[in-house]
$ cat entry-v1.pdb   # PDB, C-alpha atoms, pLDDT in the B column
ATOM      1  CA  MET A   1     175.745 148.863 141.319  1.00 90.00           C
ATOM      2  CA  ILE A   2     178.994 149.600 143.205  1.00 96.00           C
ATOM      3  CA  GLU A   3     182.515 149.625 141.804  1.00 97.00           C
ATOM      4  CA  VAL A   4     185.727 150.794 143.453  1.00 96.00           C
ATOM      5  CA  ALA A   5     189.076 150.783 141.669  1.00 97.00           C
ATOM      6  CA  ASN A   6     192.491 151.344 143.283  1.00 97.00           C
ATOM      7  CA  LEU A   7     190.699 152.863 146.265  1.00 97.00           C
ATOM      8  CA  SER A   8     192.949 154.237 149.000  1.00 97.00           C
ATOM      9  CA  VAL A   9     192.294 156.263 152.146  1.00 97.00           C
ATOM     10  CA  THR A  10     195.045 157.977 154.130  1.00 95.00           C
ATOM     11  CA  LYS A  11     194.743 159.966 157.346  1.00 92.00           C
ATOM     12  CA  GLY A  12     197.895 161.672 158.494  1.00 90.00           C
ATOM     13  CA  ASP A  13     200.655 159.080 158.233  1.00 90.00           C
ATOM     14  CA  THR A  14     198.225 156.138 158.396  1.00 93.00           C
ATOM     15  CA  ARG A  15     197.030 154.264 155.308  1.00 95.00           C
ATOM     16  CA  LEU A  16     193.554 152.939 156.159  1.00 96.00           C
ATOM     17  CA  LEU A  17     192.830 151.407 152.751  1.00 97.00           C
ATOM     18  CA  SER A  18     195.297 150.545 150.024  1.00 96.00           C
ATOM     19  CA  ASN A  19     194.418 149.900 146.363  1.00 96.00           C
ATOM     20  CA  VAL A  20     191.099 148.148 147.002  1.00 97.00           C
ATOM     21  CA  ASN A  21     189.193 146.863 143.963  1.00 97.00           C
ATOM     22  CA  LEU A  22     185.613 145.665 144.349  1.00 97.00           C
ATOM     23  CA  LYS A  23     182.447 145.245 142.282  1.00 97.00           C
ATOM     24  CA  VAL A  24     178.997 144.604 143.773  1.00 97.00           C
ATOM     25  CA  SER A  25     175.998 143.754 141.600  1.00 95.00           C
ATOM     26  CA  GLN A  26     172.374 144.769 142.150  1.00 94.00           C
ATOM     27  CA  GLY A  27     170.647 142.749 144.862  1.00 93.00           C
ATOM     28  CA  GLU A  28     173.770 141.200 146.409  1.00 95.00           C
ATOM     29  CA  LEU A  29     174.302 140.915 150.163  1.00 95.00           C
ATOM     30  CA  VAL A  30     178.069 141.063 150.642  1.00 97.00           C
ATOM     31  CA  GLY A  31     179.888 140.649 153.928  1.00 96.00           C
ATOM     32  CA  ILE A  32     182.939 142.777 154.699  1.00 96.00           C
ATOM     33  CA  LEU A  33     184.912 140.708 157.182  1.00 94.00           C
ATOM     34  CA  GLY A  34     188.194 141.134 158.981  1.00 92.00           C
ATOM     35  CA  PRO A  35     189.909 141.934 162.258  1.00 90.00           C
ATOM     36  CA  ASN A  36     189.702 145.265 164.039  1.00 89.00           C
ATOM     37  CA  GLY A  37     191.566 147.996 162.184  1.00 90.00           C
ATOM     38  CA  ALA A  38     191.342 146.199 158.830  1.00 93.00           C
ATOM     39  CA  GLY A  39     189.538 149.097 157.125  1.00 94.00           C
ATOM     40  CA  LYS A  40     186.033 147.598 157.051  1.00 95.00           C
ATOM     41  CA  SER A  41     184.175 150.659 158.320  1.00 94.00           C
ATOM     42  CA  THR A  42     186.383 152.952 156.263  1.00 95.00           C
ATOM     43  CA  LEU A  43     185.309 151.138 153.091  1.00 96.00           C
ATOM     44  CA  ILE A  44     181.588 151.570 153.669  1.00 95.00           C
ATOM     45  CA  ASN A  45     182.143 155.140 154.860  1.00 94.00           C
ATOM     46  CA  VAL A  46     183.736 155.891 151.483  1.00 96.00           C
ATOM     47  CA  ILE A  47     180.715 154.409 149.697  1.00 95.00           C
ATOM     48  CA  ALA A  48     178.346 156.326 151.982  1.00 94.00           C
ATOM     49  CA  GLY A  49     180.122 159.601 151.247  1.00 93.00           C
ATOM     50  CA  PHE A  50     181.669 160.151 154.675  1.00 93.00           C
ATOM     51  CA  GLU A  51     185.361 159.736 153.754  1.00 93.00           C
ATOM     52  CA  ARG A  52     187.721 161.440 151.343  1.00 94.00           C
ATOM     53  CA  PHE A  53     189.509 158.957 149.119  1.00 96.00           C
ATOM     54  CA  ASP A  54     191.963 158.454 146.299  1.00 96.00           C
ATOM     55  CA  GLY A  55     191.131 156.217 143.364  1.00 96.00           C
ATOM     56  CA  ALA A  56     187.770 155.715 141.680  1.00 96.00           C
ATOM     57  CA  LEU A  57     184.271 155.051 143.014  1.00 97.00           C
ATOM     58  CA  SER A  58     181.263 154.483 140.762  1.00 96.00           C
ATOM     59  CA  LEU A  59     177.651 153.980 141.825  1.00 95.00           C
ATOM     60  CA  TRP A  60     175.038 152.863 139.280  1.00 94.00           C
ATOM     61  CA  GLY A  61     177.679 153.298 136.608  1.00 91.00           C
ATOM     62  CA  GLN A  62     178.308 156.950 137.476  1.00 93.00           C
ATOM     63  CA  ARG A  63     181.663 158.221 138.774  1.00 94.00           C
ATOM     64  CA  GLN A  64     181.372 159.704 142.264  1.00 94.00           C
ATOM     65  CA  ALA A  65     183.283 162.410 144.095  1.00 91.00           C
ATOM     66  CA  TRP A  66     183.563 162.517 147.870  1.00 87.00           C
ATOM     67  CA  ARG A  67     180.692 164.986 148.179  1.00 88.00           C
ATOM     68  CA  ARG A  68     177.447 163.714 146.686  1.00 88.00           C
ATOM     69  CA  PRO A  69     174.321 165.481 145.468  1.00 88.00           C
ATOM     70  CA  ARG A  70     171.139 165.014 147.494  1.00 85.00           C
ATOM     71  CA  SER A  71     169.662 162.751 144.821  1.00 86.00           C
ATOM     72  CA  THR A  72     172.553 160.311 145.277  1.00 89.00           C
ATOM     73  CA  ARG A  73     172.542 160.441 149.073  1.00 88.00           C
ATOM     74  CA  LEU A  74     168.848 159.552 149.115  1.00 88.00           C
ATOM     75  CA  ARG A  75     169.625 156.283 147.357  1.00 92.00           C
ATOM     76  CA  ILE A  76     172.044 155.115 150.073  1.00 93.00           C
ATOM     77  CA  GLY A  77     170.904 153.942 153.504  1.00 92.00           C
ATOM     78  CA  TYR A  78     173.416 153.713 156.347  1.00 92.00           C
ATOM     79  CA  ILE A  79     173.199 152.112 159.778  1.00 89.00           C
ATOM     80  CA  PRO A  80     176.178 152.985 161.996  1.00 83.00           C
ATOM     81  CA  GLN A  81     177.823 150.700 164.523  1.00 75.00           C
ATOM     82  CA  THR A  82     176.623 152.774 167.455  1.00 68.00           C
ATOM     83  CA  PHE A  83     173.899 155.385 167.765  1.00 68.00           C
ATOM     84  CA  GLU A  84     173.796 157.218 171.073  1.00 70.00           C
ATOM     85  CA  VAL A  85     170.353 158.355 172.176  1.00 73.00           C
ATOM     86  CA  ASP A  86     169.639 160.773 175.017  1.00 72.00           C
ATOM     87  CA  PRO A  87     166.954 159.098 177.178  1.00 73.00           C
ATOM     88  CA  ALA A  88     165.370 162.530 177.675  1.00 73.00           C
ATOM     89  CA  PHE A  89     165.154 163.311 173.946  1.00 75.00           C
ATOM     90  CA  PRO A  90     161.411 163.602 173.203  1.00 80.00           C
ATOM     91  CA  ILE A  91     161.035 161.434 170.097  1.00 91.00           C
ATOM     92  CA  SER A  92     159.060 158.215 169.852  1.00 94.00           C
ATOM     93  CA  ALA A  93     160.021 155.092 167.939  1.00 93.00           C
ATOM     94  CA  VAL A  94     157.591 155.810 165.099  1.00 94.00           C
ATOM     95  CA  GLU A  95     158.742 159.440 164.881  1.00 93.00           C
ATOM     96  CA  ALA A  96     162.345 158.252 164.640  1.00 92.00           C
ATOM     97  CA  VAL A  97     161.401 155.967 161.749  1.00 93.00           C
ATOM     98  CA  LEU A  98     159.630 158.843 159.993  1.00 92.00           C
ATOM     99  CA  THR A  99     162.801 160.945 160.029  1.00 89.00           C
ATOM    100  CA  GLY A 100     164.057 158.529 157.362  1.00 89.00           C
ATOM    101  CA  ALA A 101     161.313 159.764 155.051  1.00 86.00           C
ATOM    102  CA  VAL A 102     162.298 163.445 155.371  1.00 80.00           C
ATOM    103  CA  GLY A 103     164.620 163.321 152.369  1.00 67.00           C
ATOM    104  CA  ARG A 104     161.834 162.171 150.073  1.00 63.00           C
ATOM    105  CA  VAL A 105     158.845 164.165 151.399  1.00 58.00           C
ATOM    106  CA  GLY A 106     160.915 167.336 151.867  1.00 57.00           C
ATOM    107  CA  LEU A 107     162.441 168.983 154.919  1.00 51.00           C
ATOM    108  CA  LEU A 108     159.580 171.469 155.361  1.00 49.00           C
ATOM    109  CA  ARG A 109     156.754 168.994 154.767  1.00 59.00           C
ATOM    110  CA  ARG A 110     155.102 166.873 157.412  1.00 66.00           C
ATOM    111  CA  ALA A 111     154.877 163.141 156.866  1.00 66.00           C
ATOM    112  CA  GLY A 112     151.528 162.209 155.380  1.00 75.00           C
ATOM    113  CA  VAL A 113     149.180 159.313 155.995  1.00 82.00           C
ATOM    114  CA  SER A 114     151.061 157.118 153.537  1.00 86.00           C
ATOM    115  CA  GLU A 115     154.428 157.644 155.269  1.00 87.00           C
ATOM    116  CA  LYS A 116     152.894 157.038 158.711  1.00 90.00           C
ATOM    117  CA  GLN A 117     151.319 153.821 157.488  1.00 92.00           C
ATOM    118  CA  ASP A 118     154.670 152.739 156.049  1.00 92.00           C
ATOM    119  CA  ALA A 119     156.390 153.504 159.354  1.00 93.00           C
ATOM    120  CA  MET A 120     153.902 151.432 161.337  1.00 94.00           C
ATOM    121  CA  ARG A 121     154.079 148.590 158.824  1.00 93.00           C
ATOM    122  CA  LEU A 122     157.863 148.506 159.157  1.00 92.00           C
ATOM    123  CA  LEU A 123     157.722 148.547 162.953  1.00 93.00           C
ATOM    124  CA  GLU A 124     155.305 145.619 162.791  1.00 93.00           C
ATOM    125  CA  MET A 125     157.723 143.837 160.453  1.00 88.00           C
ATOM    126  CA  MET A 126     160.431 144.407 163.074  1.00 88.00           C
ATOM    127  CA  ARG A 127     158.081 142.931 165.710  1.00 90.00           C
ATOM    128  CA  ILE A 128     158.045 146.154 167.732  1.00 93.00           C
ATOM    129  CA  GLY A 129     154.805 147.739 166.539  1.00 94.00           C
ATOM    130  CA  HIS A 130     153.591 147.754 170.148  1.00 95.00           C
ATOM    131  CA  LEU A 131     156.477 150.108 171.008  1.00 95.00           C
ATOM    132  CA  ALA A 132     155.661 152.708 168.336  1.00 95.00           C
ATOM    133  CA  ARG A 133     154.780 155.456 170.846  1.00 95.00           C
ATOM    134  CA  ARG A 134     157.496 154.666 173.367  1.00 93.00           C
ATOM    135  CA  PRO A 135     160.324 157.225 173.643  1.00 92.00           C
ATOM    136  CA  LEU A 136     163.345 156.087 171.659  1.00 90.00           C
ATOM    137  CA  GLY A 137     165.668 156.573 174.640  1.00 87.00           C
ATOM    138  CA  GLN A 138     163.628 154.094 176.686  1.00 89.00           C
ATOM    139  CA  LEU A 139     164.074 151.225 174.220  1.00 90.00           C
ATOM    140  CA  SER A 140     166.642 148.480 174.634  1.00 88.00           C
ATOM    141  CA  GLY A 141     169.665 148.311 172.343  1.00 85.00           C
ATOM    142  CA  GLY A 142     168.055 145.620 170.201  1.00 87.00           C
ATOM    143  CA  GLU A 143     164.774 147.531 169.949  1.00 90.00           C
ATOM    144  CA  ARG A 144     166.607 150.696 168.901  1.00 89.00           C
ATOM    145  CA  GLN A 145     168.542 148.757 166.251  1.00 88.00           C
ATOM    146  CA  LYS A 146     165.232 147.558 164.818  1.00 90.00           C
ATOM    147  CA  VAL A 147     163.993 151.168 164.750  1.00 92.00           C
ATOM    148  CA  PHE A 148     167.104 152.205 162.824  1.00 90.00           C
ATOM    149  CA  LEU A 149     166.576 149.349 160.359  1.00 90.00           C
ATOM    150  CA  ALA A 150     163.016 150.547 159.798  1.00 91.00           C
ATOM    151  CA  ARG A 151     164.267 154.131 159.453  1.00 92.00           C
ATOM    152  CA  ALA A 152     166.727 153.050 156.753  1.00 90.00           C
ATOM    153  CA  ILE A 153     164.106 151.058 154.829  1.00 91.00           C
ATOM    154  CA  ILE A 154     161.491 153.843 154.807  1.00 92.00           C
ATOM    155  CA  GLN A 155     164.095 155.938 153.002  1.00 89.00           C
ATOM    156  CA  LYS A 156     163.703 153.420 150.126  1.00 90.00           C
ATOM    157  CA  PRO A 157     167.415 153.173 149.356  1.00 92.00           C
ATOM    158  CA  ASP A 158     168.942 151.197 146.507  1.00 93.00           C
ATOM    159  CA  ILE A 159     172.031 150.471 148.640  1.00 95.00           C
ATOM    160  CA  LEU A 160     172.025 149.705 152.362  1.00 95.00           C
ATOM    161  CA  LEU A 161     175.296 149.842 154.327  1.00 96.00           C
ATOM    162  CA  LEU A 162     175.389 148.169 157.741  1.00 95.00           C
ATOM    163  CA  ASP A 163     178.324 148.665 160.104  1.00 93.00           C
ATOM    164  CA  GLU A 164     178.356 145.918 162.759  1.00 90.00           C
ATOM    165  CA  PRO A 165     174.525 145.920 163.089  1.00 88.00           C
ATOM    166  CA  THR A 166     174.548 143.324 165.901  1.00 86.00           C
ATOM    167  CA  SER A 167     177.358 144.731 168.031  1.00 82.00           C
ATOM    168  CA  ASN A 168     176.624 145.035 171.778  1.00 78.00           C
ATOM    169  CA  LEU A 169     173.433 142.940 171.520  1.00 82.00           C
ATOM    170  CA  ASP A 170     172.819 139.692 173.358  1.00 85.00           C
ATOM    171  CA  ILE A 171     172.907 136.483 171.335  1.00 84.00           C
ATOM    172  CA  ALA A 172     169.131 136.038 170.960  1.00 85.00           C
ATOM    173  CA  VAL A 173     168.626 139.609 169.770  1.00 86.00           C
ATOM    174  CA  GLN A 174     171.598 139.310 167.399  1.00 87.00           C
ATOM    175  CA  ARG A 175     169.975 136.347 165.671  1.00 88.00           C
ATOM    176  CA  GLU A 176     166.631 138.167 165.478  1.00 88.00           C
ATOM    177  CA  VAL A 177     168.242 141.234 163.890  1.00 88.00           C
ATOM    178  CA  LEU A 178     170.082 139.032 161.367  1.00 89.00           C
ATOM    179  CA  ASN A 179     166.811 137.303 160.471  1.00 90.00           C
ATOM    180  CA  LEU A 180     165.271 140.726 159.870  1.00 89.00           C
ATOM    181  CA  ILE A 181     168.174 141.688 157.614  1.00 91.00           C
ATOM    182  CA  ASP A 182     167.472 138.520 155.625  1.00 91.00           C
ATOM    183  CA  GLU A 183     163.776 139.399 155.379  1.00 89.00           C
ATOM    184  CA  ILE A 184     164.550 142.925 154.209  1.00 88.00           C
ATOM    185  CA  HIS A 185     167.052 141.711 151.644  1.00 89.00           C
ATOM    186  CA  LEU A 186     164.688 139.133 150.192  1.00 86.00           C
ATOM    187  CA  ALA A 187     161.582 141.354 150.298  1.00 84.00           C
ATOM    188  CA  HIS A 188     163.111 144.527 148.854  1.00 82.00           C
ATOM    189  CA  SER A 189     166.063 143.255 146.753  1.00 84.00           C
ATOM    190  CA  ILE A 190     168.251 145.962 148.261  1.00 91.00           C
ATOM    191  CA  THR A 191     171.966 145.784 147.571  1.00 95.00           C
ATOM    192  CA  MET A 192     173.614 145.392 150.983  1.00 95.00           C
ATOM    193  CA  LEU A 193     177.144 145.598 152.348  1.00 96.00           C
ATOM    194  CA  MET A 194     177.453 144.417 155.928  1.00 96.00           C
ATOM    195  CA  VAL A 195     180.542 144.890 158.092  1.00 95.00           C
ATOM    196  CA  THR A 196     181.083 142.255 160.779  1.00 89.00           C
ATOM    197  CA  HIS A 197     183.818 140.426 162.621  1.00 79.00           C
ATOM    198  CA  ASP A 198     181.566 137.663 164.005  1.00 81.00           C
ATOM    199  CA  PHE A 199     181.792 134.789 161.537  1.00 80.00           C
ATOM    200  CA  ASN A 200     179.316 132.631 163.442  1.00 80.00           C
ATOM    201  CA  LEU A 201     176.505 135.168 163.104  1.00 82.00           C
ATOM    202  CA  LEU A 202     175.834 135.962 159.457  1.00 87.00           C
ATOM    203  CA  PRO A 203     172.577 136.395 157.525  1.00 89.00           C
ATOM    204  CA  ALA A 204     171.567 133.189 155.772  1.00 86.00           C
ATOM    205  CA  SER A 205     171.266 134.991 152.413  1.00 89.00           C
ATOM    206  CA  MET A 206     174.855 136.281 152.545  1.00 92.00           C
ATOM    207  CA  GLU A 207     176.517 134.273 149.778  1.00 90.00           C
ATOM    208  CA  ARG A 208     179.650 136.367 149.224  1.00 95.00           C
ATOM    209  CA  ALA A 209     182.294 137.936 151.428  1.00 95.00           C
ATOM    210  CA  VAL A 210     185.374 140.074 151.053  1.00 96.00           C
ATOM    211  CA  LEU A 211     188.184 139.800 153.583  1.00 96.00           C
ATOM    212  CA  LEU A 212     190.215 142.856 154.560  1.00 96.00           C
ATOM    213  CA  LYS A 213     193.547 142.811 156.358  1.00 95.00           C
ATOM    214  CA  ARG A 214     195.576 145.928 157.195  1.00 95.00           C
ATOM    215  CA  GLY A 215     193.656 147.952 154.629  1.00 95.00           C
ATOM    216  CA  ARG A 216     194.059 145.482 151.768  1.00 97.00           C
ATOM    217  CA  LEU A 217     191.479 143.207 150.192  1.00 97.00           C
ATOM    218  CA  VAL A 218     192.915 139.701 150.517  1.00 96.00           C
ATOM    219  CA  PHE A 219     189.933 137.585 149.429  1.00 96.00           C
ATOM    220  CA  ASP A 220     186.703 138.071 147.454  1.00 97.00           C
ATOM    221  CA  GLY A 221     184.422 135.131 146.852  1.00 95.00           C
ATOM    222  CA  GLU A 222     181.872 132.599 148.032  1.00 94.00           C
ATOM    223  CA  ILE A 223     181.088 132.803 151.736  1.00 91.00           C
ATOM    224  CA  ARG A 224     181.941 129.191 152.573  1.00 88.00           C
ATOM    225  CA  GLN A 225     185.344 129.528 150.975  1.00 91.00           C
ATOM    226  CA  ALA A 226     185.891 132.835 152.783  1.00 92.00           C
ATOM    227  CA  LEU A 227     185.214 131.039 156.060  1.00 89.00           C
ATOM    228  CA  SER A 228     187.708 128.257 155.465  1.00 90.00           C
ATOM    229  CA  GLY A 229     190.116 127.588 158.276  1.00 89.00           C
ATOM    230  CA  GLU A 230     193.029 128.392 155.981  1.00 91.00           C
ATOM    231  CA  ASN A 231     191.712 131.801 154.937  1.00 92.00           C
ATOM    232  CA  LEU A 232     190.694 132.822 158.451  1.00 90.00           C
ATOM    233  CA  SER A 233     193.958 131.663 159.995  1.00 91.00           C
ATOM    234  CA  LYS A 234     195.862 133.834 157.521  1.00 92.00           C
ATOM    235  CA  LEU A 235     193.478 136.725 158.114  1.00 92.00           C
ATOM    236  CA  PHE A 236     193.930 136.740 161.876  1.00 90.00           C
ATOM    237  CA  ASP A 237     197.457 135.337 162.071  1.00 90.00           C
ATOM    238  CA  TYR A 238     196.062 132.750 164.445  1.00 89.00           C
ATOM    239  CA  PRO A 239     195.098 129.097 163.947  1.00 89.00           C
ATOM    240  CA  LEU A 240     191.320 128.844 163.402  1.00 86.00           C
ATOM    241  CA  ALA A 241     189.232 125.829 162.439  1.00 84.00           C
ATOM    242  CA  THR A 242     185.800 125.553 160.822  1.00 84.00           C
ATOM    243  CA  PHE A 243     183.042 122.965 161.048  1.00 82.00           C
ATOM    244  CA  ASP A 244     179.602 122.520 159.484  1.00 80.00           C
ATOM    245  CA  GLN A 245     176.381 122.009 161.404  1.00 77.00           C
ATOM    246  CA  ASP A 246     172.781 122.106 160.144  1.00 74.00           C
ATOM    247  CA  GLY A 247     173.977 123.382 156.771  1.00 71.00           C
ATOM    248  CA  ARG A 248     175.899 126.324 158.250  1.00 73.00           C
ATOM    249  CA  ARG A 249     179.609 126.885 158.753  1.00 74.00           C
ATOM    250  CA  PHE A 250     180.977 127.814 162.140  1.00 76.00           C
ATOM    251  CA  VAL A 251     184.399 129.030 163.216  1.00 78.00           C
ATOM    252  CA  SER A 252     186.220 127.827 166.323  1.00 78.00           C
ATOM    253  CA  TYR A 253     189.648 128.274 167.843  1.00 74.00           C
ATOM    254  CA  ALA A 254     191.942 125.486 166.762  1.00 61.00           C
TER     255      ALA A 254
END
$ encode --input "entry-v1.pdb" --output "structure tokens"
Amino acid sequence: MIEVANLSVTKGDTRLLSNVNLKVSQGELVGILGPNGAGKSTLINVIAGFERFDGALSLWGQRQAWRRPRSTRLRIGYIPQTFEVDPAFPISAVEAVLTGAVGRVGLLRRAGVSEKQDAMRLLEMMRIGHLARRPLGQLSGGERQKVFLARAIIQKPDILLLDEPTSNLDIAVQREVLNLIDEIHLAHSITMLMVTHDFNLLPASMERAVLLKRGRLVFDGEIRQALSGENLSKLFDYPLATFDQDGRRFVSYA
């Protein structure tokens, strides 16, 4: 589904990624983990088509340039780390979701009954169907993140890229959003790459992680091994310990 080979990204005198090699199969949910400045967002921005790069990128077995045709862009969903919304901007939650369908129905066509039904169904799945007509700028951060998840899904992408989808949310809402990501992954079999630096809040269906440090991929494998105290201590240059509770692994300061 996704393959990068000797991938590098340089801006000015700064090397953001250096000779990264990665393969992701159809239906996988892969975590991209690492400290700030490790190149996590840069990697998914390359896959999304937002960054120039050196090396090779293939999607669905086809070699990709930096600029992508519309047909390719439609197959990739992207949820950024932050999405500023003007409280006065006159668009409702359901209208915001429907903007994700524009690429498929056509820029000059209005969304039909089918698309509107899909939008409402997705908002119900996100447990915010009752907020469908509320202005987007009047929603909380967690509610807006759910709208953006629904907007990405209505696009019907084959690949979904999530950049810190739970950042700036309180702990209860973070867990709810992660549960929704699990539901989406299991229900739609979408290939997902999720950037995060919070090792204690990961979707349950995330079975694989890659670790990035200073632009280099330093580990690629099973999530529990990725979250070993040894690997994380090396990643952050700081002693970290891990422990298991209720079948999940947690990270703590040693």
$ closest_residue --input "entry-v1.pdb" --among "A:Glu95, A:Thr191, A:Ile159, A:Trp66" --to "A:Arg133" --atoms "only C-alpha atoms"
A:Glu95
$ atom_distance --input "entry-v1.pdb" --atom1 "atom CA of A:Val251" --atom2 "atom CA of A:Leu201"
10.0 Å
$ residues_around --input "entry-v1.pdb" --residues "A:Thr99" --least-positions-apart "5" --cutoff "9 Å" --atoms "all atoms listed in the file" --output "PDB file with C-alpha atoms, in the coordinates of the input"
ATOM      1  CA  VAL A  94     157.591 155.810 165.099  1.00 94.00           C
ATOM      2  CA  ALA A 111     154.877 163.141 156.866  1.00 66.00           C
ATOM      3  CA  ARG A 151     164.267 154.131 159.453  1.00 92.00           C
ATOM      4  CA  ILE A 154     161.491 153.843 154.807  1.00 92.00           C
ATOM      5  CA  GLN A 155     164.095 155.938 153.002  1.00 89.00           C
TER       6      GLN A 155
END
$ closest_residue --input "entry-v1.pdb" --among "A:Asp182, A:Asp244, A:Asp170, A:Asp158" --to "A:Leu74" --atoms "all atoms listed in the file"
A:Asp158
$ resolve_selection --input "entry-v1.pdb" --expression "the PyMOL selection byres ((chain A and resi 3) around 7)" --output "ChimeraX atom specification"
/A:1-2,4-5,22-24,57-59
$ write_last_selection --input "entry-v1.pdb" --atoms "C-alpha atoms" --output "compact mmCIF listing (two decimals), in the coordinates of the input"
# COMPACT_ATOMS: atom_id res chain seq x y z
CA MET A 1 175.74 148.86 141.32
CA ILE A 2 178.99 149.60 143.21
CA VAL A 4 185.73 150.79 143.45
CA ALA A 5 189.08 150.78 141.67
CA LEU A 22 185.61 145.66 144.35
CA LYS A 23 182.45 145.24 142.28
CA VAL A 24 179.00 144.60 143.77
CA LEU A 57 184.27 155.05 143.01
CA SER A 58 181.26 154.48 140.76
CA LEU A 59 177.65 153.98 141.82
$ axis_aligned_box --input "entry-v1.pdb" --around "stretch 29-45 of chain A" --padding-each-side "8 Å" --output "JSON"
{"center_x": 182.9, "center_y": 147.9, "center_z": 157.1, "size_x": 33.3, "size_y": 30.5, "size_z": 29.9}
$ resolve_selection --input "entry-v1.pdb" --expression "the PyMOL selection byres ((chain A and resi 119) around 10)" --output "list in words"
Ala93, Val94, Glu95, Ala96, Val97, Leu98, Thr99, Gly100, Ala101, Val113, Ser114, Glu115, Lys116, Gln117, Asp118, Met120, Arg121, Leu122, Leu123, Glu124, Met125, Gly129, Ala132, Val147, Ala150, Arg151, Ile153 and Ile154 of chain A
$ residues_around --input "entry-v1.pdb" --residues "stretch 223-228 of chain A" --least-positions-apart "3" --cutoff "8 Å" --atoms "only C-alpha atoms" --output "count of residues only"
15
$ residues_around --input "entry-v1.pdb" --residues "A:Glu51" --least-positions-apart "4" --cutoff "12 Å" --atoms "only C-alpha atoms" --output "list in words"
Leu7, Ser8, Val9, Thr10, Lys11, Leu16, Leu17, Gly39, Ser41, Thr42, Leu43, Ile44, Asn45, Val46, Ile47, Leu57, Ala65, Trp66, Arg67 and Arg68 of chain A
$ resolve_selection --input "entry-v1.pdb" --expression "the PyMOL selection byres ((chain A and resi 76) around 10)" --output "MDAnalysis selection string"
chainID A and resid 47:49 71:75 77:78 152 155:161 191:192
$ residues_around --input "entry-v1.pdb" --residues "A:Ser92" --least-positions-apart "5" --cutoff "6 Å" --atoms "all atoms listed in the file" --output "number ranges by chain"
A: 133-136
$ atom_distance --input "entry-v1.pdb" --atom1 "atom CA of A:Pro69" --atom2 "atom CA of A:Ala56"
17.0 Å
$ closest_residue --input "entry-v1.pdb" --among "A:Ile79, A:Pro239, A:Met194, A:Ala204" --to "A:Asn179" --atoms "all atoms listed in the file"
A:Ala204
$ closest_residue --input "entry-v1.pdb" --among "A:Gly34, A:Gly142, A:Pro90, A:Gly61" --to "A:Ser233" --atoms "all atoms listed in the file"
A:Gly34
$ atom_distance --input "entry-v1.pdb" --atom1 "atom CA of A:Ala38" --atom2 "atom CA of A:Arg214"
4.5 Å
$ closest_residue --input "entry-v1.pdb" --among "A:Gly229, A:Gly215, A:Gly221, A:Gly247" --to "A:Pro35" --atoms "all atoms listed in the file"
A:Gly215
$ residues_near_point --input "entry-v1.pdb" --point "(177.2, 143.2, 159.5)" --cutoff "7 Å" --atoms "only C-alpha atoms" --output "list in words"
Gly31, Leu162, Asp163, Glu164, Pro165, Thr166, Met194, Val195 and Thr196 of chain A
$ build_atoms --input "entry-v1.pdb" --residues "stretch 41-52 of chain A" --atoms "N, CA and C atoms" --output "short mmCIF file (atom, residue, chain, number, x, y, z; two decimals), keeping the file's coordinate frame"
data_model
loop_
_atom_site.label_atom_id
_atom_site.label_comp_id
_atom_site.auth_asym_id
_atom_site.auth_seq_id
_atom_site.Cartn_x
_atom_site.Cartn_y
_atom_site.Cartn_z
N SER A 41 185.06 149.49 158.20
CA SER A 41 184.18 150.66 158.32
C SER A 41 184.60 151.77 157.38
N THR A 42 185.90 151.92 157.19
CA THR A 42 186.38 152.95 156.26
C THR A 42 185.84 152.71 154.86
N LEU A 43 185.80 151.45 154.43
CA LEU A 43 185.31 151.14 153.09
C LEU A 43 183.85 151.54 152.91
N ILE A 44 182.99 151.19 153.86
CA ILE A 44 181.59 151.57 153.67
C ILE A 44 181.38 153.06 153.90
N ASN A 45 182.24 153.69 154.70
CA ASN A 45 182.14 155.14 154.86
C ASN A 45 182.48 155.87 153.56
N VAL A 46 183.43 155.33 152.79
CA VAL A 46 183.74 155.89 151.48
C VAL A 46 182.51 155.79 150.57
N ILE A 47 181.88 154.61 150.55
CA ILE A 47 180.72 154.41 149.70
C ILE A 47 179.55 155.30 150.13
N ALA A 48 179.42 155.48 151.46
CA ALA A 48 178.35 156.33 151.98
C ALA A 48 178.58 157.81 151.72
N GLY A 49 179.83 158.19 151.48
CA GLY A 49 180.12 159.60 151.25
C GLY A 49 180.64 160.33 152.47
N PHE A 50 181.18 159.56 153.43
CA PHE A 50 181.67 160.15 154.68
C PHE A 50 183.19 160.29 154.72
N GLU A 51 183.90 159.75 153.74
CA GLU A 51 185.36 159.74 153.75
C GLU A 51 185.93 160.25 152.44
N ARG A 52 186.95 161.08 152.53
CA ARG A 52 187.72 161.44 151.34
C ARG A 52 188.53 160.22 150.89
#
